[in-house]
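Beneath this line is the structure, given in structure tokens, with notes to follow.
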Number of protein chains: 4
Amino acid sequence: MQTQTQQAIHTEAKSLLERFMHIRSRSEEICAPLQPEDYVVQPVVDVSPPKWHLGHTTWFFEEFVLDGNLPGYKRYNEQFAYVFNSYYETVGKRILRTNRGNLTRPSVEEVYRYRSWVYEHMERYLQEEEIGEEMQQIVELGLQHEQQHQELLIYDIKYILGNNPLLPAYAPRPETAAATPAAAPEPLRMLPIEEGVYEIGWQHPNRFCFDNELGRHKVYLQAYSIANRLVTNREYLEFMEAGGYGYFRHWLSEAWEWVKQEKIAAPYHWHKVEGAWHRYTMHGLEPLNLDEPVTHISFYEADAFAKWKGLRLPTEQEWEVACLRLSPEPPATANFQESRLYEPAVRATANLQFWGDAWEWTASAYRPYPYFSEAEGAVGEYNGKFMINQMVLRGGSCATPRDHIRATYRNFFNPHLRWMYSGIRLAQHI
Amino acid sequence: MQTQTQQAIHTEAKSLLERFMHIRSRSEEICAPLQPEDYVVQPVVDVSPPKWHLGHTTWFFEEFVLDGNLPGYKRYNEQFAYVFNSYYETVGKRILRTNRGNLTRPSVEEVYRYRSWVYEHMERYLQEEEIGEEMQQIVELGLQHEQQHQELLIYDIKYILGNNPLLPAYAPRPETAAATPAAAPEPLRMLPIEEGVYEIGWQHPNRFCFDNELGRHKVYLQAYSIANRLVTNREYLEFMEAGGYGYFRHWLSEAWEWVKQEKIAAPYHWHKVEGAWHRYTMHGLEPLNLDEPVTHISFYEADAFAKWKGLRLPTEQEWEVACLRLSPEPPATANFQESRLYEPAVRATANLQFWGDAWEWTASAYRPYPYFSEAEGAVGEYNGKFMINQMVLRGGSCATPRDHIRATYRNFFNPHLRWMYSGIRLAQHI
Amino acid sequence: MQTQTQQAIHTEAKSLLERFMHIRSRSEEICAPLQPEDYVVQPVVDVSPPKWHLGHTTWFFEEFVLDGNLPGYKRYNEQFAYVFNSYYETVGKRILRTNRGNLTRPSVEEVYRYRSWVYEHMERYLQEEEIGEEMQQIVELGLQHEQQHQELLIYDIKYILGNNPLLPAYAPRPETAAATPAAAPEPLRMLPIEEGVYEIGWQHPNRFCFDNELGRHKVYLQAYSIANRLVTNREYLEFMEAGGYGYFRHWLSEAWEWVKQEKIAAPYHWHKVEGAWHRYTMHGLEPLNLDEPVTHISFYEADAFAKWKGLRLPTEQEWEVACLRLSPEPPATANFQESRLYEPAVRATANLQFWGDAWEWTASAYRPYPYFSEAEGAVGEYNGKFMINQMVLRGGSCATPRDHIRATYRNFFNPHLRWMYSGIRLAQHI
Amino acid sequence: MQTQTQQAIHTEAKSLLERFMHIRSRSEEICAPLQPEDYVVQPVVDVSPPKWHLGHTTWFFEEFVLDGNLPGYKRYNEQFAYVFNSYYETVGKRILRTNRGNLTRPSVEEVYRYRSWVYEHMERYLQEEEIGEEMQQIVELGLQHEQQHQELLIYDIKYILGNNPLLPAYAPRPETAAATPAAAPEPLRMLPIEEGVYEIGWQHPNRFCFDNELGRHKVYLQAYSIANRLVTNREYLEFMEAGGYGYFRHWLSEAWEWVKQEKIAAPYHWHKVEGAWHRYTMHGLEPLNLDEPVTHISFYEADAFAKWKGLRLPTEQEWEVACLRLSPEPPATANFQESRLYEPAVRATANLQFWGDAWEWTASAYRPYPYFSEAEGAVGEYNGKFMINQMVLRGGSCATPRDHIRATYRNFFNPHLRWMYSGIRLAQHI
């Protein structure tokens with residue numbers, strides 16, 4: 001039986017304020033290179049306008065923290081609840097997701113004023129008020145939520161710019177990234193894990209996790225082995241050149257419909273320029289680096305690639321057990337958001353790439369763990385309601401803040417999506 | 001490591017012929033009450049015209065058995081491969097699924113002539129030829145395949161007639177069904193199963209199963225309890241009357257969109273007539289029998305109902321372990337296709353309803369078992385390619401032949417579908 | 001000023017009965033070669049199932065004549081009003097047009113019983129009752145309406161069978177049609193008409209016409225010339241071989257979108273078989289006869305062809321004036337429904353083809369004449385409400401009954417449609 | 001016979017430069033109140049982003065004037081031809097119309113730099129080069145084209161801001177508009193025009209017109225009368241309050257589908273706030289002024305309103321003859337773009353409102369005049385290719401530059417559109 005409190009945390013209010021300041025300013029730093037026009041559009045339904053992300057994460061603090069808790073707090077603009085609510089049915093009408101990209105007002109400037117307004121009041125609230133554990137948890141949830149939106153911001157900015165025929169760069173490649181190893185990554189090796197009963201799920205009752213990681217429980221794993229690194233562009237190109245996109249037997253039935261319907265023939269953001277494969281990166285159009293991990297692929301493609309290789313994707317349980325066994329903590333060379341590279345990097349020596357670079361599609365559908373239950377109220381709408389027709393991804397990406405990820409972290413996307421940094425790790429039974 | 005052969009069977013050719021004759025004539029018996037017009041249409045994409053089912057199951061034997069194996073065999077009509085192939089990409093062009101209901105030729109009469117032609121040649125083949133084990137397996141697969149289409153035939157006939165504003169009956173209620181118990185079903189009780197390591201999957205190497213049941217493997221189950229019967233119309237009506245379809249918190253996010261978009265407010269085939277709920281049955285429009293199991297519901301509805309009850313659906317592993325523990329064989333009162341009732345029945349005493357009546361939605365997404373691998377060639381396209389965005393159902397229904405079902409049998413449907421006989425069994429952790 | 005009564009007719013009741021018997025049996029004769037399955041389907045929204053046509057034309061007499069006028073008349077089935085109403089909003093709910101092809105009941109047999117029932121009661125009504133002028137007009141309208149549906153029946157049957165990969169023939173080519181002239185049609189000549197004021201519209205107040213032909217009025221025509229015959233398959237093929245479908249400048253903007261979207265590259269019912277153009281006819285697949293008029297083309301194609309030729313389509317006013325001047329009555333060789341050919345024929349000597357063979361697209365949008373007004377009640381829903389986004393066609397086709405057509409008759413279709421017998425006559429200003 | 005040259009003009013190059021400077025700066029003045037974000041989006045397919053209008057009108061001069069005519073001219077950016085081409089198939093690939101609103105680059109600033117670049121080169125070209133008559137015509141066409149886009153800019157800005165839940169004003173109501181007459185407009189009177197032969201079309205061979213106005217020709221008009229002003233909001237509200245949107249008999253068949261499908265119940269930009277009708281204007285949300293002309297209505301609505309009144313819309317020929325007879329030149333009180341009101345105004349005394357305020361839907365489909373022919377090359381793609389499924393509107397609107405409109409000017413829109421300033425003038429036969 002499970003008796004864990006849901007998001008038990010013992011962070012001091014002061015350090016909460018520091019975290020608040022740090023994380024909030026990080027969102028703004030991500031947007032700094034944008035021009036006002038870049039903040040506005042929604043080229044496909046899965047992408048949100050950057051100014052919407054900035055407003056929505058702000059609204060979270062106004063709605064769930066300030067309103068009703070900070071004495072005398074007055075909302076910046078009553079209508080913003082309508083404009084910036086994303087999907088919380090509990091808290092009133094929300095704007096249709098497909099209409100987000102048509103709203104030119106509030107302007108970018110006004111969204112920043114909104115952020116300042118909420119920032120100032122949060123500062124007062126976190127400094128002056130007696131904050132109970134429950135409110136601390138909600139503030140922490142708001143920060144984790146903002147970190148998730150930072151990651152989406154990066155995907156969405158890349159989509160918005162990469163969808164433009166002018167292919168403008170977001171920013172120059174950071175100088176530190178020049179230190180990228182020139183050497184090719186190690187050959188693919190399969191690392192064995194023995195069969196047996198393992199425990200899965202979050203185990204630190206007093207540290208933050210999302211509700212979907214709770215319900216620590218036992219699983220039985222058959223013996224398996226798992227790759228020592230992510231699949232590279234070179235390996236993926238072999239699949240392409242072997243006609244992988246043209247032969248139905250590699251593909252799930254609905255994946256094959258998707259390939260034909262959408263005329264899919266390469267990862268997203270790849271362009272063939274004068275006979276040579278390039279990919280659009282946050283630093284502009286670049287020749288494909290064959291040693292980098294492949295990214296911007298759907299589950300369909302990851303699954304087809306693995307089948308073509310005679311292997312498969314790991315389940316999320318296999319992934320978690322292997323990660324905790326082989327690479328329990330991120331190595332120093334792990335490539336997270338903090339590198340400002342915003343692209344997967346060539347594998348550094350001894351980095352098994354369980355952490356950062358690209359989210360790893362698993363073979364597992366996103367379904368509740370045993371003992372899973374949703375919280376009451378709007379925060380309970382966080383995860384559970386998405387547990388259908390999505391696949392689990394693990395390990396974080398080059399757009400994930402380092403302090404946001406855990407070995408038990410369960411990310412999820414629909415199997416056809418690929419605008420995010422997604423990649424492939426192979427597995428097999430032994 | 002797994003070394004099972006995929007569909008090992010040791011049936012004698014002679015009994016195969018008997019089975020062939022029996023199963024084939026059963027398909028025709030199902031269609032006997034139809035008028036020629038009823039054989040033709042496809043009111044929604046998931047429904048196929050009855051004459052297509054009759055032709056497609058026949059084409060299977062022509063394509064995979066007779067052609068190339070029976071010396072001198074000549075196809076009945078070369079174009080039928082095109083008309084009656086369903087989804088086997090391996091064997092050439094196929095007609096678009098959405099166009100099936102527009103084909104008035106071959107006529108029903110000609111489809112029956114096609115069936116006779118293939119019947120006669122199969123009779124010769126099964127009597128005269130030396131049939132190796134592989135071909136025996138393929139014939140067996142063809143028969144199992146035909147039984148699956150019998151089940152679909154029944155769903156589709158019910159949809160075609162029930163979609164007609166005249167609501168014509170398929171056939172009168174069979175007299176034997178009058179023996180239905182007048183007494184209300186037992187109260188809902190939750191039967192406990194202790195935690196531990198269990199084995200899952202097909203274990204009889206020399207008896208038929210589908211490839212998706214293979215790969216017998218260990219799982220760890222947390223302690224749980226499972227209901228002693230299916231949810232009844234009475235219980236489901238309570239959910240409806242409590243506003244279940246109108247309150248978003250019971251529903252998965254995409255389920256809620258579906259409810260609003262499709263204006264879902266009751267199980268499929270339910271009609272409110274002068275203030276009273278009725279349901280269309282194969283015997284015409286009838287007042288709702290509150291004691292019968294609820295059916296024609298989507299996974300979305302099953303999941304929402306369970307949440308509203310404070311319970312959940314069992315996983316497929318929990319279902320299989322509980323079935324083998326509590327009701328390892330179908331009881332004499334189990335309600336299968338052979339009852340000709342074609343509707344779920346009020347629970348008979350001591351019948352836990354694991355078998356027949358209605359397929360039970362589980363909490364499990366349809367994904368491959370460990371060690372799963374697809375066969376080579378077209379028969380390998382049978383199951384694996386559908387293992388995405390579908391949910392597993394267990395236990396068979398009132399449209400399933402009794403000799404077709406097993407405790408390990410994995411059926412699957414998209415979570416929004418409900419034209420089949422689907423129902424709910426509840427579970428919880430303890 | 002216009003004071004015409006709308007559909008003034010002075011037919012005797014007795015001859016009405018004869019016409020009734022003749023026209024009704026003609027509809028049944030058209031359907032005689034069908035198999036029951038052919039009566040049911042609706043492969044595209046514009047096609048209706050043949051049994052729907054048979055029921056709908058019958059319902060017209062029940063709804064507008066028998067019910068309330070024949071003492072003691074009892075409807076055959078109250079629900080048929082719902083099933084067989086097409087678009088008369090005035091008289092209650094109607095089944096969605098897109099769902100017509102999913103209704104297998106009432107069966108074909110029952111529809112024929114319905115026809116017999118209404119036939120018997122109409123016989124009694126027309127023999128025994130005192131029928132006022134207004135009711136005579138409504139019966140006449142019902143017969144004209146049935147003739148229109150006969151024409152649609154022929155299009156729809158051709159579509160249903162021609163859409164089937166087996167391409168079954170409707171019936172063998174009639175022997176009389178063997179008399180088709182072997183000689184090629186005359187060269188295209190342009191016949192001049194001088195400029196001036198002309199009168200347009202129906203002028204016989206005591207003979208039947210549709211309301212859209214009324215409002216006889218003056219028009220001024222600039223001098224023009226008009227072709228002496230329809231465009232042939234040979235001429236149309238020249239357009240195709242000159243790349244006509246591939247060069248945007250021939251096409252209206254939305255036509256060009258349609259060509260690309262729908263991948264249009266030939267008239268409907270054309271098939272290229274082993275390098276040679278064939279067309280599906282009511283007599284099966286036949287090599288293209290280059291001397292026959294081109295048919296099954298959209299307004300878009302007619303307009304593009306004319307532009308490519310450096311000419312244009314005539315306006316409906318030009319067409320009517322030219323017809324009355326050059327061919328005021330159908331010649332004996334005119335190819336109407338009565339020929340049972342159901343395909344346009346090679347032009348006979350001296351037949352200018354203003355009558356029969358193929359409806360001729362005009363350059364005129366379908367808009368009301370001056371003084372047009374709709375009748376009160378449901379019969380007023382006949383024409384006026386369709387006067388938007390449609391183009392006028394003139395002259396009748398090989399599917400039109402000879403006694404149904406007039407020089408002033410205004411047919412109309414959306415510009416993209418082409419399942420009907422539509423053709424091209426060229427014109428130009430001089 | 002017609003021998004007019006298409007766009008014969010004898011404007012001096014110098015005054016062309018002055019016109020160029022004036023018209024170009026007017027476009028920028030229209031955009032001056034916008035924030036950068038407002039320039040970017042495309043909320044529906046018919047609306048284009050303001051920065052696209054600014055770029056597209058600039059590209060016209062680069063593509064058709066500077067490139068190849070100004071010695072040594074180098075395009076500002078080769079890719080802009082792709083980004084800013086609208087629909088000229090002749091001159092290469094163009095961006096999909098539905099993707100225009102997703103392009104954040106080139107930025108607004110860069111579009112203005114592009115305008116400056118082209119402005120400077122056009123200035124040089126118009127001052128220094130010998131400009132033949134053909135090039136003068138093309139420059140003039142470019143200016144007329146820019147004026148058309150000014151009008152669209154105003155519609156689109158109104159749509160973009162009026163679609164935003166914050167309903168921001170574009171600009172305050174201009175003070176001059178305070179002079180709006182307080183008195184209600186005159187009662188509706190019908191002004192008679194006698195029957196006879198009239199001449200239609202442009203008659204000044206040496207002044208600019210569009211090709212669709214050419215082909216001056218005779219028409220015969222039956223006697224009719226036409227209203228002395230536009231229909232007001234008060235009159236339209238009577239239609240609404242009489243249930244006009246709910247009774248099918250007022251509506252064309254496809255209009256009725258549209259009303260039901262889109263849930264249309266009032267003109268576009270109308271909002272009911274606390275029980276009172278308001279409309280969004282360029283000056284913000286305002287209570288409905290009952291004396292102003294109704295605007296933002298579709299042809300469907302104009303036609304339904306007229307039917308409800310027992311009247312009809314005038315044909316474009318009737319409109320042109322009446323305008324030239326009753327109000328051949330715009331009165332001083334005509335409300336054009338120059339008033340900066342950007343909304344229809346209450347009718348001033350003696351202003352029959354044939355000019356300005358709102359485009360008047362006519363009963364005429366947009367089809368070619370006799371003798372119409374398209375020019376060679378890309379400029380020939382201007383009008384002719386849109387002559388299908390559109391209705392003609394006459395008279396200009398409050399967004400039309402006064403020197404852009406003529407009595408013969410033929411505007412056109414699809415019958416369901418209503419984001420433009422469209423209104424109603426009534427007519428009838430006498």
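Every chain in the structure tokens has a letter given in the order shown (A, B, ...), and although residue numbers restart at 1 in each chain, ligands are simply numbered from 1 in the order shown.
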Requested in this report: Select from range 100-233 of chain D everything DSSP, run on the backbone, classes as strand (DSSP E), then give the selection as number ranges by chain.
Outcome: D: 190-193, 196-200, 217-221, 224-227
Using only C-alpha atoms, which protein or nucleic acid residues come within 6 Å of range 146-153 of chain C? Drop anything in the same chain fewer than 6 positions from it, and give the result as a short mmCIF file (atom, residue, chain, number, x, y, z; two decimals) with N, CA and C atoms, in the first residue's frame.
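Below you can see around31.cif, which holds the result:
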```
data_model
loop_
_atom_site.label_atom_id
_atom_site.label_comp_id
_atom_site.auth_asym_id
_atom_site.auth_seq_id
_atom_site.Cartn_x
_atom_site.Cartn_y
_atom_site.Cartn_z
N SER C 27 -39.69 4.86 -65.26
CA SER C 27 -38.69 4.85 -64.18
C SER C 27 -38.33 3.41 -63.83
N THR C 57 -39.71 9.93 -55.59
CA THR C 57 -40.68 10.41 -56.58
C THR C 57 -42.09 9.92 -56.21
N ALA C 399 -30.15 11.31 -71.72
CA ALA C 399 -30.91 10.74 -70.60
C ALA C 399 -32.20 11.51 -70.36
N THR C 400 -32.48 12.51 -71.16
CA THR C 400 -33.67 13.36 -70.99
C THR C 400 -34.83 12.81 -71.82
#
```
**Report entry** Every residue of range 293-376 of chain C that DSSP places in helix (DSSP H, G or I), as a VMD selection string
**Finding:** chain C and resid 299 to 308 316 to 326 337 to 339
Report task. Up to 9 Å from chain C, what residues of chain D turn up? Count only C-alpha atoms and give them as a PyMOL selection string. Result -> chain D and resi 1+89-90+197+217-223+248-255+363-368+370-371+381+384-390+415+428-430
Query - Test item: residues at most 9 Å from Gly356 in chain C, only C-alpha atoms, excluding those fewer than 4 positions along its chain, as a VMD selection string - result: chain C and resid 330 334 to 337 344 395 to 402 405
Report task. Excluding Phe61 in chain D and residues on its chain fewer than 3 positions from it, collect all residues at most 8 Å away from it, counting only C-alpha atoms, and give them as a ChimeraX atom specification. Result -> /D:57-58,64-66,118,122,139,142
Quick one: write out the picked residues with N, CA, C and O atoms as a PDB file, in the first residue's frame?
```pdb
ATOM      1  N   THR D  57       2.761  44.437 -52.174  1.00  0.00           N
ATOM      2  CA  THR D  57       2.584  45.583 -53.073  1.00  0.00           C
ATOM      3  C   THR D  57       3.940  46.135 -53.518  1.00  0.00           C
ATOM      4  O   THR D  57       4.075  46.667 -54.620  1.00  0.00           O
ATOM      5  N   THR D  58       4.932  45.962 -52.687  1.00  0.00           N
ATOM      6  CA  THR D  58       6.292  46.399 -53.014  1.00  0.00           C
ATOM      7  C   THR D  58       6.915  45.457 -54.038  1.00  0.00           C
ATOM      8  O   THR D  58       7.554  45.885 -55.012  1.00  0.00           O
ATOM      9  N   PHE D  64       7.604  43.631 -61.626  1.00  0.00           N
ATOM     10  CA  PHE D  64       7.055  44.003 -62.933  1.00  0.00           C
ATOM     11  C   PHE D  64       7.630  45.301 -63.473  1.00  0.00           C
ATOM     12  O   PHE D  64       7.476  45.607 -64.638  1.00  0.00           O
ATOM     13  N   VAL D  65       8.293  46.103 -62.611  1.00  0.00           N
ATOM     14  CA  VAL D  65       8.846  47.376 -63.089  1.00  0.00           C
ATOM     15  C   VAL D  65      10.372  47.369 -63.021  1.00  0.00           C
ATOM     16  O   VAL D  65      11.056  47.448 -64.042  1.00  0.00           O
ATOM     17  N   LEU D  66      10.932  47.281 -61.816  1.00  0.00           N
ATOM     18  CA  LEU D  66      12.377  47.513 -61.663  1.00  0.00           C
ATOM     19  C   LEU D  66      13.215  46.423 -62.318  1.00  0.00           C
ATOM     20  O   LEU D  66      14.173  46.708 -63.039  1.00  0.00           O
ATOM     21  N   VAL D 118      12.851  49.865 -52.501  1.00  0.00           N
ATOM     22  CA  VAL D 118      12.094  49.920 -53.754  1.00  0.00           C
ATOM     23  C   VAL D 118      11.633  51.355 -54.026  1.00  0.00           C
ATOM     24  O   VAL D 118      11.626  51.810 -55.167  1.00  0.00           O
ATOM     25  N   MET D 122      12.466  53.208 -57.422  1.00  0.00           N
ATOM     26  CA  MET D 122      11.346  53.667 -58.253  1.00  0.00           C
ATOM     27  C   MET D 122      11.467  55.165 -58.498  1.00  0.00           C
ATOM     28  O   MET D 122      11.170  55.654 -59.590  1.00  0.00           O
ATOM     29  N   VAL D 139       3.103  50.724 -64.093  1.00  0.00           N
ATOM     30  CA  VAL D 139       3.241  51.467 -62.837  1.00  0.00           C
ATOM     31  C   VAL D 139       1.853  51.855 -62.320  1.00  0.00           C
ATOM     32  O   VAL D 139       1.546  51.700 -61.138  1.00  0.00           O
ATOM     33  N   GLY D 142       0.242  49.018 -60.804  1.00  0.00           N
ATOM     34  CA  GLY D 142       0.816  48.770 -59.489  1.00  0.00           C
ATOM     35  C   GLY D 142       0.235  49.690 -58.423  1.00  0.00           C
ATOM     36  O   GLY D 142       0.040  49.280 -57.269  1.00  0.00           O
TER      37      GLY D 142
END
```
Requested in this report: Show which residues sit within 10 Å of Arg406 in chain C, as a PyMOL selection string. Count only C-alpha atoms, and ignore same-chain residues fewer than 6 positions away.
Outcome: chain C and resi 202+209+213+320+328-330+355+394-396
Requested in this report: For CA of Gln261 in chain A and CA of Val47 in chain B, determine how far apart the two atoms are, in Å to one decimal place.
Outcome: 22.4 Å
Report summary line: CA of Val346 in chain A sits from CA of Asn228 in chain A at a separation of 13.5 Å
Query raised in the report: If you count only C-alpha atoms, which residues fall within 8 Å of Leu103 in chain D, apart from same-chain ones fewer than 3 positions away, as a PyMOL selection string?
Result: (chain A and resi 41+160+163-164) or (chain D and resi 40+99-100+106)
Report task. Using CA of Glu199 in chain D and CA of Asp211 in chain D as the two end points, give the distance in Å to one decimal. Result ->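 If I compute the distance from CA of Glu199 in chain D to CA of Asp211 in chain D, I get 16.9 Å.
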**Report entry** Residue contacts of Trp277 in chain B (10 Å, only C-alpha atoms) excluding same-chain residues fewer than 3 positions away, as a list in words
**Finding:**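 Within the cut-off, the hits are Leu237, Ala266, Trp270, His271, Lys272, Val273, Glu274, Glu286, Pro287, Leu288, Asn289 and Leu290 of chain B.
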Report task. Compare D:Phe20, D:Tyr76, D:Tyr159, D:Tyr245 by their minimum atom-to-atom distance to Tyr421 in chain D, counting only C-alpha atoms, and give me the closest one. Result ->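 Closest residue, counting only C-alpha atoms: D:Tyr159.
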